[in-house]
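Chemist: Okay, so here is input_34.txt, and as you'll see once you scroll down, it has compact mmCIF, C-alpha atoms and all ligand atoms.
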# COMPACT_ATOMS: atom_id res chain seq x y z
CA MET A 1 -0.99 12.49 3.27
CA GLU A 2 -1.09 16.12 4.36
CA LEU A 3 1.88 16.88 6.64
CA SER A 4 1.51 19.30 9.52
CA GLU A 5 3.78 22.32 9.82
CA ARG A 6 5.66 20.62 12.66
CA GLN A 7 6.13 17.43 10.65
CA GLU A 8 7.49 19.44 7.70
CA LYS A 9 9.91 21.14 10.09
CA MET A 10 11.00 17.79 11.51
CA ILE A 11 11.76 16.45 8.03
CA GLU A 12 13.86 19.58 7.34
CA ILE A 13 15.79 19.12 10.61
CA VAL A 14 16.50 15.46 9.85
CA LYS A 15 17.52 16.32 6.25
CA GLN A 16 20.07 18.85 7.51
CA ASN A 17 21.42 16.86 10.45
CA GLU A 18 21.07 13.15 9.74
CA PRO A 19 21.68 10.96 11.62
CA ILE A 20 19.93 12.73 14.44
CA THR A 21 18.33 11.40 17.62
CA SER A 22 14.80 12.18 18.71
CA GLU A 23 16.24 14.07 21.66
CA GLN A 24 18.21 16.36 19.34
CA ILE A 25 15.17 16.90 17.11
CA ALA A 26 13.07 17.79 20.17
CA HIS A 27 15.80 20.14 21.35
CA GLN A 28 15.88 22.00 18.03
CA LEU A 29 12.10 22.40 18.12
CA LYS A 30 12.17 23.44 21.80
CA LEU A 31 9.67 20.66 22.55
CA SER A 32 9.79 17.55 24.69
CA ARG A 33 10.59 14.13 23.26
CA ALA A 34 7.15 12.90 24.30
CA THR A 35 5.50 15.70 22.33
CA ILE A 36 7.22 14.84 19.07
CA ARG A 37 7.01 11.05 19.46
CA PRO A 38 3.65 10.66 17.64
CA ASP A 39 4.91 12.79 14.73
CA LEU A 40 8.09 10.73 14.50
CA SER A 41 6.04 7.53 14.36
CA ILE A 42 3.83 8.94 11.61
CA LEU A 43 6.80 10.12 9.54
CA THR A 44 8.56 6.78 9.95
CA MET A 45 5.47 4.71 9.14
CA ALA A 46 4.66 6.87 6.13
CA GLY A 47 8.20 6.32 4.84
CA TYR A 48 9.62 9.85 5.03
CA LEU A 49 12.08 8.99 7.81
CA GLU A 50 13.99 5.87 8.67
CA ALA A 51 14.87 5.06 12.28
CA ARG A 52 18.06 3.10 12.90
CA PRO A 53 18.43 1.81 16.46
CA ARG A 54 21.22 3.48 18.43
CA VAL A 55 22.08 5.69 15.45
CA GLY A 56 19.15 8.00 14.90
CA TYR A 57 16.80 9.21 12.20
CA PHE A 58 17.61 9.45 8.50
CA PHE A 59 15.72 11.14 5.69
CA THR A 60 14.70 8.51 3.12
CA GLY A 61 14.74 11.02 0.28
CA LYS A 62 11.30 9.97 -0.89
CA THR A 63 8.69 12.49 -1.94
CA GLY A 64 5.00 12.21 -1.13
CA SER A 65 4.10 10.98 -4.62
CA GLU A 66 6.88 8.36 -4.60
CA LEU A 67 5.53 7.02 -1.32
CA LEU A 68 1.98 7.06 -2.66
CA ALA A 69 3.08 5.14 -5.75
CA LYS A 70 4.91 2.63 -3.56
CA ARG A 71 1.76 1.94 -1.55
CA LEU A 72 -0.37 1.68 -4.67
CA MET A 73 2.05 -0.85 -6.19
CA LYS A 74 1.35 -3.21 -3.30
CA TYR A 75 -2.40 -3.43 -3.80
CA LYS A 76 -3.66 -6.64 -5.35
CA ILE A 77 -6.91 -7.17 -7.24
CA LYS A 78 -8.13 -9.68 -4.62
CA GLU A 79 -8.16 -7.06 -1.88
CA PHE A 80 -10.61 -4.86 -3.78
CA GLN A 81 -12.69 -7.09 -6.05
CA SER A 82 -16.46 -7.01 -5.60
CA VAL A 83 -19.10 -9.61 -6.31
CA PRO A 84 -19.67 -10.29 -10.03
CA VAL A 85 -23.11 -10.38 -11.57
CA VAL A 86 -23.45 -13.11 -14.19
CA VAL A 87 -26.11 -14.18 -16.67
CA LYS A 88 -26.42 -17.29 -18.83
CA GLU A 89 -25.93 -17.11 -22.60
CA SER A 90 -29.55 -18.11 -23.08
CA ALA A 91 -30.88 -15.25 -20.91
CA SER A 92 -32.87 -12.67 -22.84
CA VAL A 93 -31.78 -9.07 -23.30
CA TYR A 94 -34.87 -8.13 -21.28
CA ASP A 95 -33.67 -10.31 -18.36
CA ALA A 96 -30.18 -8.85 -18.61
CA ILE A 97 -31.54 -5.29 -18.40
CA SER A 98 -33.58 -6.28 -15.32
CA MET A 99 -30.50 -7.88 -13.75
CA MET A 100 -28.48 -4.73 -14.33
CA PHE A 101 -31.07 -2.60 -12.54
CA LEU A 102 -31.72 -5.07 -9.74
CA ASN A 103 -28.03 -5.48 -8.94
CA ASP A 104 -27.09 -1.88 -9.58
CA VAL A 105 -24.15 -2.71 -11.87
CA GLY A 106 -23.05 -1.44 -15.26
CA THR A 107 -21.42 -4.59 -16.60
CA LEU A 108 -22.73 -8.16 -16.67
CA PHE A 109 -20.60 -11.22 -17.35
CA VAL A 110 -22.06 -14.00 -19.48
CA ILE A 111 -21.36 -17.64 -18.68
CA ASN A 112 -21.80 -20.81 -20.75
CA ASN A 113 -23.15 -24.23 -19.75
CA GLU A 114 -19.84 -25.04 -18.05
CA LYS A 115 -20.25 -21.86 -15.97
CA CYS A 116 -17.23 -20.36 -17.75
CA LEU A 117 -16.86 -16.82 -19.00
CA SER A 118 -18.10 -16.49 -22.58
CA GLY A 119 -19.06 -12.83 -22.89
CA VAL A 120 -19.53 -9.34 -21.48
CA LEU A 121 -22.55 -7.04 -21.64
CA SER A 122 -22.22 -3.32 -21.06
CA ARG A 123 -25.00 -0.77 -20.67
CA LYS A 124 -24.49 0.41 -24.22
CA ASP A 125 -24.61 -3.15 -25.61
CA LEU A 126 -28.07 -3.50 -24.08
CA LEU A 127 -29.18 -0.03 -25.18
CA ARG A 128 -28.05 -0.76 -28.73
CA ALA A 129 -30.06 -3.97 -28.78
CA SER A 130 -33.07 -2.15 -27.37
CA ILE A 131 -33.32 0.51 -30.07
CA GLY A 132 -33.74 -2.07 -32.84
CA ASN A 133 -37.10 -3.57 -33.59
CA HIS A 134 -36.46 -6.73 -31.61
CA ASP A 135 -38.65 -8.28 -29.02
CA LEU A 136 -36.22 -8.12 -26.12
CA ASN A 137 -37.72 -11.25 -24.56
CA ASP A 138 -36.82 -13.29 -27.63
CA LEU A 139 -33.31 -11.99 -28.13
CA PRO A 140 -30.70 -14.05 -26.23
CA VAL A 141 -27.72 -12.13 -24.86
CA HIS A 142 -25.16 -14.33 -26.65
CA ILE A 143 -26.19 -12.68 -29.93
CA ILE A 144 -25.22 -9.20 -28.79
CA MET A 145 -22.46 -9.73 -26.20
CA THR A 146 -18.75 -9.06 -26.67
CA ARG A 147 -17.38 -12.58 -26.74
CA MET A 148 -14.30 -14.55 -25.82
CA PRO A 149 -11.43 -14.45 -26.67
CA ASN A 150 -11.82 -10.67 -26.95
CA ILE A 151 -12.44 -10.13 -23.26
CA SER A 152 -9.95 -8.42 -20.99
CA VAL A 153 -9.70 -10.20 -17.65
CA CYS A 154 -7.64 -9.99 -14.49
CA ARG A 155 -6.64 -12.47 -11.80
CA PRO A 156 -6.74 -12.14 -7.99
CA ASP A 157 -2.96 -11.86 -7.60
CA ASP A 158 -2.55 -9.22 -10.32
CA LEU A 159 -1.73 -5.70 -9.22
CA LEU A 160 -4.68 -3.32 -8.96
CA ILE A 161 -2.71 -0.73 -10.91
CA ASP A 162 -2.44 -3.14 -13.87
CA GLY A 163 -6.21 -3.60 -13.81
CA ALA A 164 -6.61 0.18 -13.76
CA GLN A 165 -4.28 0.49 -16.73
CA THR A 166 -6.28 -2.11 -18.71
CA LEU A 167 -9.53 -0.26 -17.97
CA ALA A 168 -7.97 2.98 -19.20
CA ASP A 169 -6.23 1.49 -22.27
CA LYS A 170 -9.27 -0.48 -23.46
CA GLN A 171 -11.72 2.28 -22.46
CA ILE A 172 -14.02 -0.13 -20.66
CA ASP A 173 -15.87 0.12 -17.36
CA GLY A 174 -15.15 -3.24 -15.78
CA LEU A 175 -13.00 -6.36 -15.72
CA PRO A 176 -14.00 -9.84 -14.62
CA VAL A 177 -11.69 -11.35 -12.01
CA VAL A 178 -11.19 -14.93 -13.15
CA LYS A 179 -9.85 -18.26 -11.96
CA ASP A 180 -8.35 -20.67 -14.48
CA THR A 181 -10.01 -24.08 -14.65
CA PRO A 182 -9.54 -26.97 -17.13
CA VAL A 183 -12.81 -26.05 -18.87
CA GLY A 184 -12.27 -22.30 -19.05
CA LEU A 185 -12.33 -19.17 -16.88
CA HIS A 186 -14.57 -19.01 -13.84
CA VAL A 187 -15.72 -15.51 -12.90
CA ILE A 188 -15.04 -14.91 -9.21
CA GLY A 189 -15.17 -11.14 -8.96
CA ARG A 190 -15.19 -7.81 -10.72
CA ILE A 191 -13.10 -4.67 -10.75
CA THR A 192 -14.70 -1.50 -12.08
CA LYS A 193 -13.90 2.15 -12.60
CA THR A 194 -15.82 2.77 -9.36
CA THR A 195 -13.42 0.48 -7.48
CA ILE A 196 -10.42 2.36 -8.83
CA THR A 197 -11.96 5.76 -8.11
CA ARG A 198 -12.69 4.74 -4.51
CA VAL A 199 -9.15 3.49 -3.91
CA PHE A 200 -7.72 6.63 -5.50
CA ALA A 201 -9.84 8.95 -3.34
CA GLU A 202 -9.18 7.03 -0.12
CA LEU A 203 -5.47 6.84 -0.80
CA ILE A 204 -5.25 10.58 -1.30
CA LEU A 205 -7.41 11.32 1.74
CA ASN A 206 -5.28 8.82 3.66
CA GLU A 207 -8.12 6.61 4.80
CA HIS A 208 -7.47 2.93 5.30
CA VAL A 209 -8.07 1.07 2.05
P1 LIG A 301 -20.47 1.15 -22.27
O1 LIG A 301 -20.56 0.40 -23.57
O2 LIG A 301 -21.78 1.13 -21.53
O3 LIG A 301 -19.89 2.51 -22.42
P2 LIG A 301 -17.97 -0.18 -21.61
O4 LIG A 301 -17.14 0.99 -21.98
O5 LIG A 301 -17.57 -1.00 -20.44
O6 LIG A 301 -19.46 0.30 -21.33
O7 LIG A 301 -18.06 -1.16 -22.86
C1 LIG A 301 -17.68 -0.82 -24.17
C2 LIG A 301 -17.67 -2.08 -25.02
O8 LIG A 301 -16.62 -2.93 -24.57
C3 LIG A 301 -18.96 -2.90 -24.96
O9 LIG A 301 -19.28 -3.39 -26.24
C4 LIG A 301 -18.62 -4.04 -24.00
O10 LIG A 301 -19.27 -5.25 -24.33
C5 LIG A 301 -17.13 -4.19 -24.19
N1 LIG A 301 -16.48 -4.59 -22.92
C6 LIG A 301 -16.81 -4.27 -21.66
N2 LIG A 301 -16.00 -4.83 -20.77
C7 LIG A 301 -15.10 -5.55 -21.47
C8 LIG A 301 -13.99 -6.40 -21.15
N3 LIG A 301 -13.62 -6.61 -19.88
N4 LIG A 301 -13.29 -6.97 -22.16
C9 LIG A 301 -13.65 -6.76 -23.44
N5 LIG A 301 -14.68 -5.99 -23.81
C10 LIG A 301 -15.40 -5.41 -22.86
For this file, produce the structure as structure tokens.
Ligand code: ADP
Modeler:
Amino acid sequence: MELSERQEKMIEIVKQNEPITSEQIAHQLKLSRATIRPDLSILTMAGYLEARPRVGYFFTGKTGSELLAKRLMKYKIKEFQSVPVVVKESASVYDAISMMFLNDVGTLFVINNEKCLSGVLSRKDLLRASIGNHDLNDLPVHIIMTRMPNISVCRPDDLLIDGAQTLADKQIDGLPVVKDTPVGLHVIGRITKTTITRVFAELILNEHV
């Protein structure tokens, strides 16, 4: 969040004089209380200042990046997951490529007869299969997919930042969001590098995410 010159000044005044009432802050700035009220609300909501009733304002001592990190640490996977695109193990590589284009995604999740996660297909997996001499209609995706148990997954209540860390550590583009069932993992969503990039940009630009 970009602070205005007046807001920066207000933080300085509080830092030097805490606890300080809004009236005293307004007095120091030679402004009315009504004029500075919106700024005080913003600074309090953003976590720079703390208001204690009948005492006054305190400086929380937190920097912009600390506050940003604090907000980020609250985000859960379930708030940001998008719809997964799945294919059956028996689907052909040709069908998988069509699915990828039709749904405008870069990662497909493969499911078995029990509708549980059994594999992942990336763009490069499909490209690799395509440059061989195979007939892509006759090549089922289960032959070329990355298979369980080597698949990184996340769950709805996990922190988004942990998902982001897995994507970075494993150098992959997407994670299936899964639900545990007695027969295996059901795919209920996906988190991708695009999701993380969007949250990152909106957080910095201070949009609502
Ligand atoms: P690309 O291969 O198009 O660059 P990725 O970086 O996502 O895309 O995939 C790299 C490899 O990792 C591929 O072989 C893919 O099957 C595999 N992969 C992708 N997502 C996952 C995942 N969530 N868990 C395990 N492996 C994955």
Chemist: Would you name the residues within 7 Å of ligand LIG 301 (chain A), counting only C-alpha atoms and all ligand atoms, and put them as a list in words?
Modeler: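 Taking only C-alpha atoms and all ligand atoms into account, the residues around ligand LIG 301 (chain A) at most 7 Å away are Gly106, Thr107, Val120, Leu121, Ser122, Arg123, Lys124, Asp125, Met145, Thr146, Asn150, Ile151, Ser152, Val153, Gln171, Ile172, Asp173, Gly174, Leu175 and Pro176 of chain A.
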Chemist: If I put a ball of radius 7 Å at (-21.3, -9.7, -17.3) in the file's coordinates, which residues poke into it when counting only C-alpha atoms, written as JSON, numbers by chain?
Modeler: {"A": [85, 86, 87, 107, 108, 109, 110, 119, 120, 121]}
Chemist: Which is closest to Ala164 (chain A) among A:Leu67, A:Met100, A:Ile42, A:Met73, if we use all atoms listed in the file?
Modeler: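 Using all atoms listed in the file, Ala164 (chain A) sits closest to A:Met73.
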Chemist: I need the residue nearest Thr21 (chain A) from this list: A:Ser4, A:Lys9, A:Val55, A:Lys179. Use all atoms listed in the file for the distance.
Modeler: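 Among the listed residues, the smallest separation from Thr21 (chain A) belongs to A:Val55.
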Chemist: Between CA of Leu205 (chain A) and CA of Phe59 (chain A), what is the spacing in Å?
Modeler: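 Computing the Euclidean distance for CA of Phe59 (chain A) and CA of Leu205 (chain A) yields 23.5 Å.
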Chemist: Have a look at CA of Tyr57 (chain A) and CA of Val14 (chain A) and let me know their distance in Å, one decimal.
Modeler: 6.7 Å
Chemist: Taking all atoms listed in the file into account, which of A:Met10, A:Cys116, A:Leu203, A:Met148 comes nearest Thr44 (chain A)?
Modeler: A:Met10
Chemist: CA of Leu31 (chain A) and CA of Arg6 (chain A) are how many Å apart?
Modeler: 10.7 Å
Chemist: So which one's closest to Lys193 (chain A), A:Thr181, A:Lys115, A:Gln81, A:Ala69? Using only C-alpha atoms, please.
Modeler: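 With only C-alpha atoms as the atom set, the closest residue is A:Gln81.
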Chemist: Using only C-alpha atoms, which of A:Cys154, A:Val183, A:Leu160, A:Ala168 sits nearest Leu72 (chain A)?
Modeler: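 Among A:Cys154, A:Val183, A:Leu160, A:Ala168, it is A:Leu160 that comes nearest to Leu72 (chain A).
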Chemist: Could you tell me which of A:Thr166, A:Ser92, A:Asn133, A:Ser82 comes closest to Ile188 (chain A) if we count all atoms listed in the file?
Modeler: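 For Ile188 (chain A), the nearest of the candidates is A:Ser82.
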